>>> print(open('input_27.cif').read())   # mmCIF, C-alpha atoms (C1' of nucleotides)
data_query
loop_
_atom_site.group_PDB
_atom_site.id
_atom_site.type_symbol
_atom_site.label_atom_id
_atom_site.label_comp_id
_atom_site.auth_asym_id
_atom_site.auth_seq_id
_atom_site.Cartn_x
_atom_site.Cartn_y
_atom_site.Cartn_z
ATOM 1 C CA MET A 1 19.762 11.409 0.537
ATOM 2 C CA THR A 2 18.994 9.853 3.885
ATOM 3 C CA ASP A 3 19.006 6.208 4.917
ATOM 4 C CA HIS A 4 15.305 6.612 5.455
ATOM 5 C CA ASP A 5 14.810 7.496 1.797
ATOM 6 C CA LEU A 6 16.770 4.418 0.817
ATOM 7 C CA GLU A 7 14.577 2.173 2.952
ATOM 8 C CA ARG A 8 11.457 3.672 1.469
ATOM 9 C CA TRP A 9 12.845 2.935 -1.967
ATOM 10 C CA LEU A 10 13.696 -0.605 -0.940
ATOM 11 C CA SER A 11 10.075 -1.267 -0.101
ATOM 12 C CA GLN A 12 9.309 -0.432 -3.729
ATOM 13 C CA LEU A 13 12.076 -2.748 -4.885
ATOM 14 C CA ARG A 14 10.481 -5.574 -2.917
ATOM 15 C CA LYS A 15 7.291 -5.416 -4.950
ATOM 16 C CA GLY A 16 6.793 -8.590 -6.895
ATOM 17 C CA SER A 17 9.842 -10.281 -5.456
ATOM 18 C CA LEU A 18 8.180 -11.098 -2.144
ATOM 19 C CA GLU A 19 5.528 -13.152 -3.879
ATOM 20 C CA MET A 20 8.245 -15.108 -5.677
ATOM 21 C CA VAL A 21 10.297 -15.640 -2.541
ATOM 22 C CA VAL A 22 7.361 -16.896 -0.495
ATOM 23 C CA LEU A 23 6.519 -19.460 -3.147
ATOM 24 C CA ALA A 24 10.171 -20.482 -3.371
ATOM 25 C CA THR A 25 10.399 -20.845 0.403
ATOM 26 C CA LEU A 26 7.447 -23.214 0.379
ATOM 27 C CA SER A 27 8.808 -25.266 -2.488
ATOM 28 C CA GLY A 28 10.681 -27.658 -0.235
ATOM 29 C CA GLU A 29 8.848 -27.388 3.069
ATOM 30 C CA ARG A 30 5.467 -27.081 4.649
ATOM 31 C CA LEU A 31 5.518 -24.006 6.901
ATOM 32 C CA TYR A 32 3.218 -21.776 8.936
ATOM 33 C CA GLY A 33 3.088 -18.003 8.880
ATOM 34 C CA LEU A 34 5.632 -16.940 11.452
ATOM 35 C CA GLU A 35 7.968 -19.666 10.294
ATOM 36 C CA ILE A 36 7.941 -18.212 6.795
ATOM 37 C CA LEU A 37 8.537 -14.803 8.315
ATOM 38 C CA GLY A 38 11.604 -16.235 10.001
ATOM 39 C CA ARG A 39 12.999 -17.502 6.693
ATOM 40 C CA LEU A 40 12.543 -14.032 5.248
ATOM 41 C CA GLU A 41 14.236 -12.400 8.212
ATOM 42 C CA THR A 42 17.083 -10.875 6.185
ATOM 43 C CA LEU A 43 14.603 -9.005 4.022
ATOM 44 C CA GLY A 44 12.961 -7.212 6.906
ATOM 45 C CA VAL A 45 9.378 -8.201 6.109
ATOM 46 C CA SER A 46 6.614 -7.625 8.633
ATOM 47 C CA GLU A 47 3.499 -9.620 9.494
ATOM 48 C CA GLY A 48 1.264 -6.962 7.994
ATOM 49 C CA THR A 49 2.951 -7.671 4.684
ATOM 50 C CA LEU A 50 3.107 -11.437 4.844
ATOM 51 C CA TYR A 51 -0.368 -12.445 5.954
ATOM 52 C CA PRO A 52 -2.303 -10.537 3.309
ATOM 53 C CA LEU A 53 0.105 -11.964 0.732
ATOM 54 C CA LEU A 54 -0.497 -15.519 1.942
ATOM 55 C CA ASN A 55 -4.246 -14.992 1.778
ATOM 56 C CA ARG A 56 -4.009 -13.702 -1.758
ATOM 57 C CA LEU A 57 -1.885 -16.620 -2.907
ATOM 58 C CA ARG A 58 -4.332 -19.008 -1.299
ATOM 59 C CA LYS A 59 -7.307 -17.425 -3.039
ATOM 60 C CA GLU A 60 -5.422 -17.613 -6.317
ATOM 61 C CA GLY A 61 -4.897 -21.328 -5.805
ATOM 62 C CA GLN A 62 -1.126 -21.180 -5.578
ATOM 63 C CA LEU A 63 -1.085 -22.247 -1.961
ATOM 64 C CA GLU A 64 -3.099 -24.692 0.114
ATOM 65 C CA SER A 65 -3.412 -24.459 3.865
ATOM 66 C CA GLU A 66 -4.686 -26.432 6.815
ATOM 67 C CA TRP A 67 -5.137 -25.539 10.440
ATOM 68 C CA GLU A 68 -3.186 -27.543 12.910
ATOM 69 C CA THR A 69 -4.361 -27.452 16.507
ATOM 70 C CA ARG A 70 -1.851 -28.366 19.139
ATOM 71 C CA GLU A 71 -2.097 -29.583 22.694
ATOM 72 C CA SER A 72 -0.366 -26.422 23.788
ATOM 73 C CA GLY A 73 -0.162 -23.080 22.072
ATOM 74 C CA HIS A 74 -2.111 -21.161 19.462
ATOM 75 C CA PRO A 75 -3.269 -23.159 16.418
ATOM 76 C CA ARG A 76 -1.167 -22.741 13.318
ATOM 77 C CA ARG A 77 -2.094 -22.548 9.693
ATOM 78 C CA TYR A 78 0.349 -24.534 7.586
ATOM 79 C CA TYR A 79 0.895 -23.710 3.936
ATOM 80 C CA ARG A 80 2.179 -25.743 1.038
ATOM 81 C CA LEU A 81 2.517 -25.206 -2.703
ATOM 82 C CA THR A 82 -0.094 -26.454 -5.135
ATOM 83 C CA GLU A 83 0.946 -27.775 -8.541
ATOM 84 C CA SER A 84 -0.076 -24.457 -10.022
ATOM 85 C CA GLY A 85 1.942 -22.626 -7.402
ATOM 86 C CA ARG A 86 5.050 -24.617 -8.157
ATOM 87 C CA ALA A 87 4.734 -23.967 -11.876
ATOM 88 C CA ARG A 88 4.283 -20.276 -11.202
ATOM 89 C CA ALA A 89 7.262 -20.142 -8.874
ATOM 90 C CA GLU A 90 9.473 -21.725 -11.492
ATOM 91 C CA ALA A 91 8.243 -19.429 -14.237
ATOM 92 C CA MET A 92 8.864 -16.446 -11.982
ATOM 93 C CA ALA A 93 12.363 -17.616 -11.120
ATOM 94 C CA ARG A 94 13.270 -17.922 -14.804
ATOM 95 C CA ARG A 95 11.821 -14.526 -15.633
ATOM 96 C CA TRP A 96 13.497 -12.955 -12.619
ATOM 97 C CA ARG A 97 16.911 -14.193 -13.674
ATOM 98 C CA GLU A 98 16.432 -12.832 -17.164
ATOM 99 C CA TYR A 99 15.318 -9.467 -15.846
ATOM 100 C CA ASN A 100 18.269 -9.375 -13.500
ATOM 101 C CA HIS A 101 20.733 -9.967 -16.299
ATOM 102 C CA GLN A 102 19.190 -7.108 -18.216
ATOM 103 C CA LEU A 103 19.473 -4.873 -15.176
ATOM 104 C CA ASP A 104 23.101 -5.884 -14.717
ATOM 105 C CA GLU A 105 23.872 -4.751 -18.245
ATOM 106 C CA LEU A 106 22.150 -1.432 -17.691
ATOM 107 C CA MET A 107 23.896 -0.830 -14.383
ATOM 108 C CA ARG A 108 27.350 -1.211 -15.916
ATOM 109 C CA PRO A 109 27.922 2.453 -16.772
ATOM 110 C CA LEU A 110 27.493 3.352 -13.130
ATOM 111 C CA LEU A 111 29.470 0.504 -11.630
ATOM 112 C CA GLU A 112 32.381 0.852 -14.031
ATOM 113 C CA GLY A 113 32.583 4.611 -13.886
ATOM 114 C CA GLY A 114 32.183 4.634 -10.115
ATOM 115 C CA SER A 115 35.867 5.306 -9.442
ATOM 116 C CA ARG A 116 35.890 8.562 -11.370
ATOM 117 C CA MET B 1 -0.687 -19.404 -15.250
ATOM 118 C CA THR B 2 -0.655 -17.439 -18.485
ATOM 119 C CA ASP B 3 2.110 -15.398 -20.050
ATOM 120 C CA HIS B 4 -0.110 -12.419 -19.477
ATOM 121 C CA ASP B 5 -0.078 -13.019 -15.727
ATOM 122 C CA LEU B 6 3.697 -13.223 -15.827
ATOM 123 C CA GLU B 7 3.971 -9.896 -17.597
ATOM 124 C CA ARG B 8 1.658 -8.276 -15.115
ATOM 125 C CA TRP B 9 3.859 -9.593 -12.351
ATOM 126 C CA LEU B 10 6.943 -8.304 -14.107
ATOM 127 C CA SER B 11 5.553 -4.781 -14.029
ATOM 128 C CA GLN B 12 5.504 -5.134 -10.247
ATOM 129 C CA LEU B 13 9.064 -6.379 -10.278
ATOM 130 C CA ARG B 14 10.088 -3.260 -12.175
ATOM 131 C CA LYS B 15 8.969 -0.995 -9.360
ATOM 132 C CA GLY B 16 11.915 0.709 -7.789
ATOM 133 C CA SER B 17 14.413 -0.721 -10.215
ATOM 134 C CA LEU B 18 13.425 1.635 -13.029
ATOM 135 C CA GLU B 19 14.374 4.662 -10.976
ATOM 136 C CA MET B 20 17.772 3.139 -10.321
ATOM 137 C CA VAL B 21 18.322 2.178 -13.948
ATOM 138 C CA VAL B 22 17.428 5.603 -15.274
ATOM 139 C CA LEU B 23 19.913 7.243 -12.935
ATOM 140 C CA ALA B 24 22.555 4.661 -13.873
ATOM 141 C CA THR B 25 21.929 5.243 -17.571
ATOM 142 C CA LEU B 26 22.523 8.950 -17.139
ATOM 143 C CA SER B 27 25.679 8.451 -15.108
ATOM 144 C CA GLY B 28 27.934 8.456 -18.132
ATOM 145 C CA GLU B 29 25.945 10.341 -20.738
ATOM 146 C CA ARG B 30 23.666 13.272 -21.239
ATOM 147 C CA LEU B 31 20.490 11.997 -22.912
ATOM 148 C CA TYR B 32 16.977 13.088 -23.846
ATOM 149 C CA GLY B 33 13.741 11.231 -23.183
ATOM 150 C CA LEU B 34 13.345 8.926 -26.130
ATOM 151 C CA GLU B 35 17.049 8.187 -26.107
ATOM 152 C CA ILE B 36 16.771 6.925 -22.546
ATOM 153 C CA LEU B 37 13.755 4.890 -23.592
ATOM 154 C CA GLY B 38 15.940 3.315 -26.275
ATOM 155 C CA ARG B 39 18.573 2.291 -23.723
ATOM 156 C CA LEU B 40 15.842 0.646 -21.649
ATOM 157 C CA GLU B 41 14.416 -1.157 -24.669
ATOM 158 C CA THR B 42 15.059 -4.650 -23.302
ATOM 159 C CA LEU B 43 12.974 -3.903 -20.224
ATOM 160 C CA GLY B 44 9.850 -3.037 -22.182
ATOM 161 C CA VAL B 45 9.236 0.388 -20.648
ATOM 162 C CA SER B 46 6.762 2.820 -22.203
ATOM 163 C CA GLU B 47 6.729 6.615 -22.489
ATOM 164 C CA GLY B 48 3.867 6.822 -20.025
ATOM 165 C CA THR B 49 6.192 5.303 -17.459
ATOM 166 C CA LEU B 50 9.387 7.138 -18.265
ATOM 167 C CA TYR B 51 8.310 10.761 -18.548
ATOM 168 C CA PRO B 52 6.523 11.017 -15.206
ATOM 169 C CA LEU B 53 9.552 9.338 -13.652
ATOM 170 C CA LEU B 54 11.920 11.864 -15.216
ATOM 171 C CA ASN B 55 9.773 14.715 -13.957
ATOM 172 C CA ARG B 56 9.768 13.334 -10.460
ATOM 173 C CA LEU B 57 13.528 12.867 -10.411
ATOM 174 C CA ARG B 58 13.948 16.410 -11.669
ATOM 175 C CA LYS B 59 11.717 17.829 -8.953
ATOM 176 C CA GLU B 60 13.649 15.845 -6.372
ATOM 177 C CA GLY B 61 16.868 17.396 -7.600
ATOM 178 C CA GLN B 62 18.447 14.187 -8.812
ATOM 179 C CA LEU B 63 18.376 15.264 -12.431
ATOM 180 C CA GLU B 64 18.922 18.542 -14.237
ATOM 181 C CA SER B 65 17.523 19.255 -17.665
ATOM 182 C CA GLU B 66 17.788 21.807 -20.437
ATOM 183 C CA TRP B 67 15.843 22.291 -23.619
ATOM 184 C CA GLU B 68 17.802 22.096 -26.792
ATOM 185 C CA THR B 69 16.227 23.610 -29.870
ATOM 186 C CA ARG B 70 17.471 22.323 -33.185
ATOM 187 C CA GLU B 71 17.479 23.699 -36.689
ATOM 188 C CA SER B 72 15.259 20.845 -37.698
ATOM 189 C CA GLY B 73 12.961 18.695 -35.627
ATOM 190 C CA HIS B 74 11.146 18.921 -32.326
ATOM 191 C CA PRO B 75 13.137 20.488 -29.451
ATOM 192 C CA ARG B 76 14.598 17.988 -27.017
ATOM 193 C CA ARG B 77 14.929 18.075 -23.282
ATOM 194 C CA TYR B 78 18.325 16.737 -22.240
ATOM 195 C CA TYR B 79 18.863 15.252 -18.791
ATOM 196 C CA ARG B 80 21.986 14.796 -16.715
ATOM 197 C CA LEU B 81 22.733 13.654 -13.171
ATOM 198 C CA THR B 82 23.239 16.133 -10.361
ATOM 199 C CA GLU B 83 25.787 15.408 -7.634
ATOM 200 C CA SER B 84 22.933 14.332 -5.411
ATOM 201 C CA GLY B 85 21.596 12.086 -8.151
ATOM 202 C CA ARG B 86 24.922 10.372 -8.590
ATOM 203 C CA ALA B 87 25.241 9.736 -4.872
ATOM 204 C CA ARG B 88 21.750 8.307 -4.794
ATOM 205 C CA ALA B 89 22.388 6.085 -7.800
ATOM 206 C CA GLU B 90 25.466 4.644 -6.160
ATOM 207 C CA ALA B 91 23.710 4.065 -2.860
ATOM 208 C CA MET B 92 20.879 2.349 -4.709
ATOM 209 C CA ALA B 93 23.257 0.153 -6.666
ATOM 210 C CA ARG B 94 24.941 -1.030 -3.466
ATOM 211 C CA ARG B 95 21.642 -1.703 -1.764
ATOM 212 C CA TRP B 96 20.291 -3.463 -4.837
ATOM 213 C CA ARG B 97 23.247 -5.838 -4.959
ATOM 214 C CA GLU B 98 22.822 -6.665 -1.306
ATOM 215 C CA TYR B 99 19.107 -7.310 -1.719
ATOM 216 C CA ASN B 100 19.797 -9.465 -4.753
ATOM 217 C CA HIS B 101 22.224 -11.643 -2.868
ATOM 218 C CA GLN B 102 19.642 -12.153 -0.168
ATOM 219 C CA LEU B 103 17.071 -13.100 -2.781
ATOM 220 C CA ASP B 104 19.511 -15.532 -4.371
ATOM 221 C CA GLU B 105 19.890 -17.312 -1.059
ATOM 222 C CA LEU B 106 16.149 -17.536 -0.591
ATOM 223 C CA MET B 107 15.559 -18.806 -4.117
ATOM 224 C CA ARG B 108 17.921 -21.745 -3.673
ATOM 225 C CA PRO B 109 15.361 -24.273 -2.425
ATOM 226 C CA LEU B 110 13.403 -23.815 -5.632
ATOM 227 C CA LEU B 111 16.326 -23.771 -8.016
ATOM 228 C CA GLU B 112 18.059 -26.781 -6.469
ATOM 229 C CA GLY B 113 14.942 -28.882 -6.070
ATOM 230 C CA GLY B 114 13.731 -28.020 -9.546
ATOM 231 C CA SER B 115 14.730 -31.371 -11.037
ATOM 232 C CA ARG B 116 12.410 -33.350 -8.788
ATOM 233 C "C1'" DA C 1 -7.966 -15.959 40.199
ATOM 234 C "C1'" DC C 2 -6.080 -12.124 37.583
ATOM 235 C "C1'" DA C 3 -2.870 -9.471 34.936
ATOM 236 C "C1'" DA C 4 0.897 -9.615 31.875
ATOM 237 C "C1'" DT C 5 3.381 -11.752 28.263
ATOM 238 C "C1'" DA C 6 4.209 -14.702 24.236
ATOM 239 C "C1'" DT C 7 2.600 -16.777 20.164
ATOM 240 C "C1'" DA C 8 -0.071 -16.576 15.986
ATOM 241 C "C1'" DT C 9 -3.221 -14.695 12.734
ATOM 242 C "C1'" DC C 10 -6.282 -11.139 10.695
ATOM 243 C "C1'" DT C 11 -8.056 -6.402 9.279
ATOM 244 C "C1'" DT C 12 -8.081 -1.705 7.615
ATOM 245 C "C1'" DG C 13 -6.411 2.263 5.521
ATOM 246 C "C1'" DT C 14 -2.498 4.592 3.072
ATOM 247 C "C1'" DA C 15 1.396 5.598 -0.023
ATOM 248 C "C1'" DA C 16 4.045 4.868 -3.981
ATOM 249 C "C1'" DT C 17 4.998 3.331 -8.629
ATOM 250 C "C1'" DA C 18 4.193 1.588 -13.171
ATOM 251 C "C1'" DC C 19 1.059 1.772 -16.851
ATOM 252 C "C1'" DA C 20 -2.662 2.478 -20.347
ATOM 253 C "C1'" DT C 21 -4.588 5.966 -22.842
ATOM 254 C "C1'" DA C 22 -4.997 10.040 -24.790
ATOM 255 C "C1'" DG C 23 -3.506 14.604 -25.902
ATOM 256 C "C1'" DT C 24 -0.370 18.585 -27.486
ATOM 257 C "C1'" DA C 25 3.287 20.627 -30.207
ATOM 258 C "C1'" DT C 26 6.833 20.815 -33.920
ATOM 259 C "C1'" DC C 27 8.812 19.511 -38.076
ATOM 260 C "C1'" DT C 28 9.093 16.698 -42.560
ATOM 261 C "C1'" DT C 29 7.222 14.709 -46.679
ATOM 262 C "C1'" DG C 30 4.208 13.581 -50.441
ATOM 263 C "C1'" DC D 1 -1.966 21.111 -46.561
ATOM 264 C "C1'" DA D 2 -2.936 16.584 -44.821
ATOM 265 C "C1'" DA D 3 -0.478 12.652 -42.897
ATOM 266 C "C1'" DG D 4 3.028 10.861 -40.327
ATOM 267 C "C1'" DA D 5 7.139 11.004 -37.404
ATOM 268 C "C1'" DT D 6 9.205 12.803 -33.374
ATOM 269 C "C1'" DA D 7 9.066 14.407 -28.661
ATOM 270 C "C1'" DC D 8 6.960 15.564 -24.537
ATOM 271 C "C1'" DT D 9 2.737 16.006 -21.214
ATOM 272 C "C1'" DA D 10 -1.461 14.839 -18.523
ATOM 273 C "C1'" DT D 11 -4.946 11.905 -16.238
ATOM 274 C "C1'" DG D 12 -6.830 8.084 -14.078
ATOM 275 C "C1'" DT D 13 -6.251 3.129 -12.507
ATOM 276 C "C1'" DA D 14 -4.306 -1.124 -10.473
ATOM 277 C "C1'" DT D 15 -1.284 -3.406 -7.570
ATOM 278 C "C1'" DT D 16 1.545 -4.072 -3.747
ATOM 279 C "C1'" DA D 17 4.017 -3.298 0.535
ATOM 280 C "C1'" DC D 18 3.369 -1.472 4.959
ATOM 281 C "C1'" DA D 19 2.041 0.701 9.424
ATOM 282 C "C1'" DA D 20 -0.969 0.199 13.070
ATOM 283 C "C1'" DG D 21 -3.890 -2.094 15.581
ATOM 284 C "C1'" DA D 22 -7.279 -5.897 16.665
ATOM 285 C "C1'" DT D 23 -8.291 -10.688 17.906
ATOM 286 C "C1'" DA D 24 -7.546 -15.242 19.905
ATOM 287 C "C1'" DT D 25 -5.179 -18.864 22.740
ATOM 288 C "C1'" DA D 26 -1.998 -20.540 26.040
ATOM 289 C "C1'" DT D 27 1.618 -19.719 29.627
ATOM 290 C "C1'" DT D 28 3.753 -17.441 33.515
ATOM 291 C "C1'" DG D 29 4.064 -14.565 37.616
ATOM 292 C "C1'" DT D 30 1.970 -12.520 41.785
#
>>> encode(input="input_27.cif", output="structure tokens")
Amino acid sequence: MTDHDLERWLSQLRKGSLEMVVLATLSGERLYGLEILGRLETLGVSEGTLYPLLNRLRKEGQLESEWETRESGHPRRYYRLTESGRARAEAMARRWREYNHQLDELMRPLLEGGSR
Amino acid sequence: MTDHDLERWLSQLRKGSLEMVVLATLSGERLYGLEILGRLETLGVSEGTLYPLLNRLRKEGQLESEWETRESGHPRRYYRLTESGRARAEAMARRWREYNHQLDELMRPLLEGGSR
DNA sequence: ACAATATATCTTGTAATACATAGTATCTTG
DNA sequence: CAAGATACTATGTATTACAAGATATATTGT
């Protein structure tokens, strides 16, 4: 089993959680694309993943955005949560915690027997 | 945001983690299909999800299986981990924990500001 | 003035997994 | 022997993350 296999698996593990994390990241701040990408640095997410996700969340009404032109530099599109988006983020967080506890239980046999 | 939406999202969240959980479940015991499904009851997994997964893991050499005919009842196919499967399960578990800690960090803004 | 670089966003096609649905085979029970 | 329970198999679909590359604007170097 190579490291490469593990990374490929990790990209499956990310599914669903990225949506939740983006909403959570925007729950306290108003941010633009690359800024969000910076917050998610530890996860190793790329632009080609983030931007389509942001567009989807916008179309679904969970995010609002506005262009901000600056005196210098490329214009930026800033995102913030809608009411609906905040409700969804909180529902997801609750469900995620529950699911995680269930996973923890099911992972026990491996983690406890690991020293064998 | 309906409960239905949340469940649809949850099926995305399951991606990747099911593979890990199945391997973990088989780390201490030798089990057949429906028995595994029973262990995963809390997650709400269906046969149409489990059996193709088992077949894939078998083809990849992470699981071994043998038919067991009984005096009464339908024959059962019992699964157990290979050495390779155990190594992969442990690598996944480590990586999963790391990813989870990262997610925890990123979820903080939402969980702490939730009382606003 | 022109090329190169940095910043920022968008687009397109692909791969992988979970799932719904339906189907097959074997045994038990009324 | 029909109906139901148990156990496994097969097929097609939806969703998401991602790689790769395209587009647009401003800055910097020569």
>>> closest_atom_pairs(input="input_27.cif", of="chain D", to="chain B", cutoff="9 Å", atoms="only C-alpha atoms (C1' of nucleotides)", output="JSON lines")
{"residue": "D:DT6", "atom": "C1'", "partner": "B:His74", "partner_atom": "CA", "distance": 6.5}
{"residue": "D:DA7", "atom": "C1'", "partner": "B:His74", "partner_atom": "CA", "distance": 6.2}
{"residue": "D:DC8", "atom": "C1'", "partner": "B:Tyr51", "partner_atom": "CA", "distance": 7.8}
{"residue": "D:DT9", "atom": "C1'", "partner": "B:Tyr51", "partner_atom": "CA", "distance": 8.1}
{"residue": "D:DT15", "atom": "C1'", "partner": "B:Gln12", "partner_atom": "CA", "distance": 7.5}
{"residue": "D:DT16", "atom": "C1'", "partner": "B:Gln12", "partner_atom": "CA", "distance": 7.7}
>>> atom_distance(input="input_27.cif", atom1="atom CA of Val21 of chain A", atom2="atom CA of Glu19 of chain B")
22.4 Å
>>> closest_atom_pairs(input="input_27.cif", of="chain C", to="chain B", cutoff="10 Å", atoms="only C-alpha atoms (C1' of nucleotides)", output="CSV")
residue,atom,partner,partner_atom,distance
C:DA16,C1',B:Lys15,CA,9.4
C:DT17,C1',B:Lys15,CA,5.9
C:DA18,C1',B:Thr49,CA,6.0
C:DC19,C1',B:Thr49,CA,6.3
C:DA20,C1',B:Gly48,CA,7.8
C:DT21,C1',B:Gly48,CA,9.0
C:DA25,C1',B:His74,CA,8.3
C:DT26,C1',B:His74,CA,5.0
C:DC27,C1',B:Gly73,CA,4.9
C:DT28,C1',B:Gly73,CA,8.2
>>> calpha_fit_and_write(input="input_27.cif", fixed="chain B", moving="chain A", output="short mmCIF file (atom, residue, chain, number, x, y, z; two decimals) with C-alpha atoms, in the frame of the given file")
data_model
loop_
_atom_site.label_atom_id
_atom_site.label_comp_id
_atom_site.auth_asym_id
_atom_site.auth_seq_id
_atom_site.Cartn_x
_atom_site.Cartn_y
_atom_site.Cartn_z
CA MET A 1 -0.74 -19.40 -15.24
CA THR A 2 -0.71 -17.43 -18.45
CA ASP A 3 2.07 -15.37 -20.00
CA HIS A 4 -0.16 -12.40 -19.44
CA ASP A 5 -0.13 -13.01 -15.69
CA LEU A 6 3.64 -13.20 -15.77
CA GLU A 7 3.91 -9.86 -17.55
CA ARG A 8 1.58 -8.25 -15.06
CA TRP A 9 3.79 -9.57 -12.29
CA LEU A 10 6.88 -8.28 -14.05
CA SER A 11 5.50 -4.76 -13.96
CA GLN A 12 5.43 -5.12 -10.18
CA LEU A 13 8.99 -6.41 -10.20
CA ARG A 14 10.08 -3.29 -12.07
CA LYS A 15 9.00 -1.02 -9.25
CA GLY A 16 11.95 0.75 -7.76
CA SER A 17 14.42 -0.70 -10.22
CA LEU A 18 13.42 1.64 -13.04
CA GLU A 19 14.36 4.66 -10.99
CA MET A 20 17.77 3.13 -10.32
CA VAL A 21 18.33 2.17 -13.94
CA VAL A 22 17.44 5.60 -15.28
CA LEU A 23 19.92 7.24 -12.93
CA ALA A 24 22.56 4.67 -13.87
CA THR A 25 21.94 5.26 -17.58
CA LEU A 26 22.55 8.96 -17.12
CA SER A 27 25.69 8.45 -15.09
CA GLY A 28 27.96 8.47 -18.11
CA GLU A 29 25.97 10.38 -20.70
CA ARG A 30 23.69 13.31 -21.23
CA LEU A 31 20.52 12.01 -22.91
CA TYR A 32 17.01 13.09 -23.87
CA GLY A 33 13.80 11.22 -23.19
CA LEU A 34 13.41 8.93 -26.16
CA GLU A 35 17.11 8.22 -26.12
CA ILE A 36 16.83 6.94 -22.57
CA LEU A 37 13.84 4.90 -23.64
CA GLY A 38 16.03 3.33 -26.30
CA ARG A 39 18.65 2.31 -23.74
CA LEU A 40 15.92 0.66 -21.70
CA GLU A 41 14.54 -1.16 -24.72
CA THR A 42 15.15 -4.65 -23.34
CA LEU A 43 13.00 -3.88 -20.32
CA GLY A 44 9.94 -2.99 -22.33
CA VAL A 45 9.30 0.40 -20.75
CA SER A 46 6.83 2.81 -22.30
CA GLU A 47 6.80 6.60 -22.58
CA GLY A 48 3.92 6.86 -20.13
CA THR A 49 6.22 5.30 -17.56
CA LEU A 50 9.40 7.16 -18.34
CA TYR A 51 8.31 10.77 -18.60
CA PRO A 52 6.52 10.99 -15.27
CA LEU A 53 9.55 9.31 -13.70
CA LEU A 54 11.92 11.86 -15.24
CA ASN A 55 9.76 14.70 -13.98
CA ARG A 56 9.75 13.28 -10.49
CA LEU A 57 13.51 12.84 -10.43
CA ARG A 58 13.93 16.39 -11.66
CA LYS A 59 11.67 17.79 -8.95
CA GLU A 60 13.61 15.80 -6.38
CA GLY A 61 16.84 17.37 -7.59
CA GLN A 62 18.43 14.17 -8.81
CA LEU A 63 18.35 15.25 -12.42
CA GLU A 64 18.89 18.54 -14.22
CA SER A 65 17.52 19.26 -17.66
CA GLU A 66 17.77 21.82 -20.42
CA TRP A 67 15.82 22.30 -23.60
CA GLU A 68 17.75 22.09 -26.79
CA THR A 69 16.14 23.59 -29.87
CA ARG A 70 17.37 22.37 -33.20
CA GLU A 71 17.31 23.76 -36.69
CA SER A 72 15.17 20.83 -37.71
CA GLY A 73 12.93 18.65 -35.62
CA HIS A 74 11.12 18.88 -32.31
CA PRO A 75 13.08 20.42 -29.42
CA ARG A 76 14.56 17.95 -26.98
CA ARG A 77 14.95 18.07 -23.26
CA TYR A 78 18.34 16.73 -22.23
CA TYR A 79 18.91 15.27 -18.79
CA ARG A 80 22.01 14.80 -16.70
CA LEU A 81 22.74 13.66 -13.16
CA THR A 82 23.22 16.12 -10.33
CA GLU A 83 25.74 15.41 -7.59
CA SER A 84 22.88 14.31 -5.38
CA GLY A 85 21.58 12.07 -8.14
CA ARG A 86 24.92 10.38 -8.58
CA ALA A 87 25.24 9.73 -4.86
CA ARG A 88 21.75 8.29 -4.80
CA ALA A 89 22.41 6.08 -7.80
CA GLU A 90 25.49 4.64 -6.17
CA ALA A 91 23.73 4.05 -2.87
CA MET A 92 20.91 2.32 -4.71
CA ALA A 93 23.30 0.13 -6.67
CA ARG A 94 24.99 -1.04 -3.47
CA ARG A 95 21.69 -1.73 -1.76
CA TRP A 96 20.34 -3.48 -4.83
CA ARG A 97 23.27 -5.86 -4.95
CA GLU A 98 22.85 -6.72 -1.30
CA TYR A 99 19.15 -7.33 -1.72
CA ASN A 100 19.82 -9.49 -4.74
CA HIS A 101 22.24 -11.68 -2.84
CA GLN A 102 19.64 -12.18 -0.16
CA LEU A 103 17.07 -13.11 -2.77
CA ASP A 104 19.50 -15.55 -4.36
CA GLU A 105 19.87 -17.34 -1.04
CA LEU A 106 16.13 -17.54 -0.58
CA MET A 107 15.54 -18.80 -4.10
CA ARG A 108 17.91 -21.74 -3.65
CA PRO A 109 15.34 -24.27 -2.42
CA LEU A 110 13.39 -23.81 -5.62
CA LEU A 111 16.30 -23.75 -8.03
CA GLU A 112 18.03 -26.75 -6.49
CA GLY A 113 14.94 -28.85 -6.10
CA GLY A 114 13.70 -27.94 -9.56
CA SER A 115 14.69 -31.28 -11.10
CA ARG A 116 12.49 -33.30 -8.77
#
>>> atom_distance(input="input_27.cif", atom1="atom C1' of DA26 of chain D", atom2="atom CA of Tyr78 of chain A")
19.0 Å
>>> interface_residues(input="input_27.cif", of="chain A", to="chain B", cutoff="8 Å", atoms="only C-alpha atoms", output="MDAnalysis selection string")
chainID A and resid 1 6 9:10 12:17 21 24:25 27:28 39:40 42:43 84 87:93 99 102:103 106:111 113:114
>>> atom_distance(input="input_27.cif", atom1="atom CA of Glu66 of chain B", atom2="atom CA of Tyr79 of chain B")
6.8 Å
>>> resolve_selection(input="input_27.cif", expression="the PyMOL selection byres ((chain C and resi 2) around 12)", output="list in words")
DA1, DA3 and DA4 of chain C; DT28, DG29 and DT30 of chain D
>>> axis_aligned_box(input="input_27.cif", around="segment 20-26 of chain D", padding_each_side="3 Å", output="JSON")
{"center_x": -4.6, "center_y": -10.2, "center_z": 19.6, "size_x": 13.3, "size_y": 26.7, "size_z": 19.0}
>>> residues_around(input="input_27.cif", residues="Thr82 of chain A", least_positions_apart="6", cutoff="8 Å", atoms="all atoms listed in the file", output="list in words")
Gly61, Gln62, Leu63 and Glu64 of chain A
>>> closest_residue(input="input_27.cif", among="D:DC18, D:DA24, D:DA10, D:DC1", to="DA22 of chain C", atoms="all atoms listed in the file")
D:DA10
>>> resolve_selection(input="input_27.cif", expression="the PyMOL selection byres ((chain D and resi 3) around 9)", output="ChimeraX atom specification")
/C:29-30 /D:2,4
>>> write_last_selection(input="input_27.cif", atoms="C-alpha atoms (C1' of nucleotides)", output="mmCIF file, in the frame of the given file")
data_model
loop_
_atom_site.group_PDB
_atom_site.id
_atom_site.type_symbol
_atom_site.label_atom_id
_atom_site.label_comp_id
_atom_site.auth_asym_id
_atom_site.auth_seq_id
_atom_site.Cartn_x
_atom_site.Cartn_y
_atom_site.Cartn_z
ATOM 1 C "C1'" DT C 29 7.222 14.709 -46.679
ATOM 2 C "C1'" DG C 30 4.208 13.581 -50.441
ATOM 3 C "C1'" DA D 2 -2.936 16.584 -44.821
ATOM 4 C "C1'" DG D 4 3.028 10.861 -40.327
#
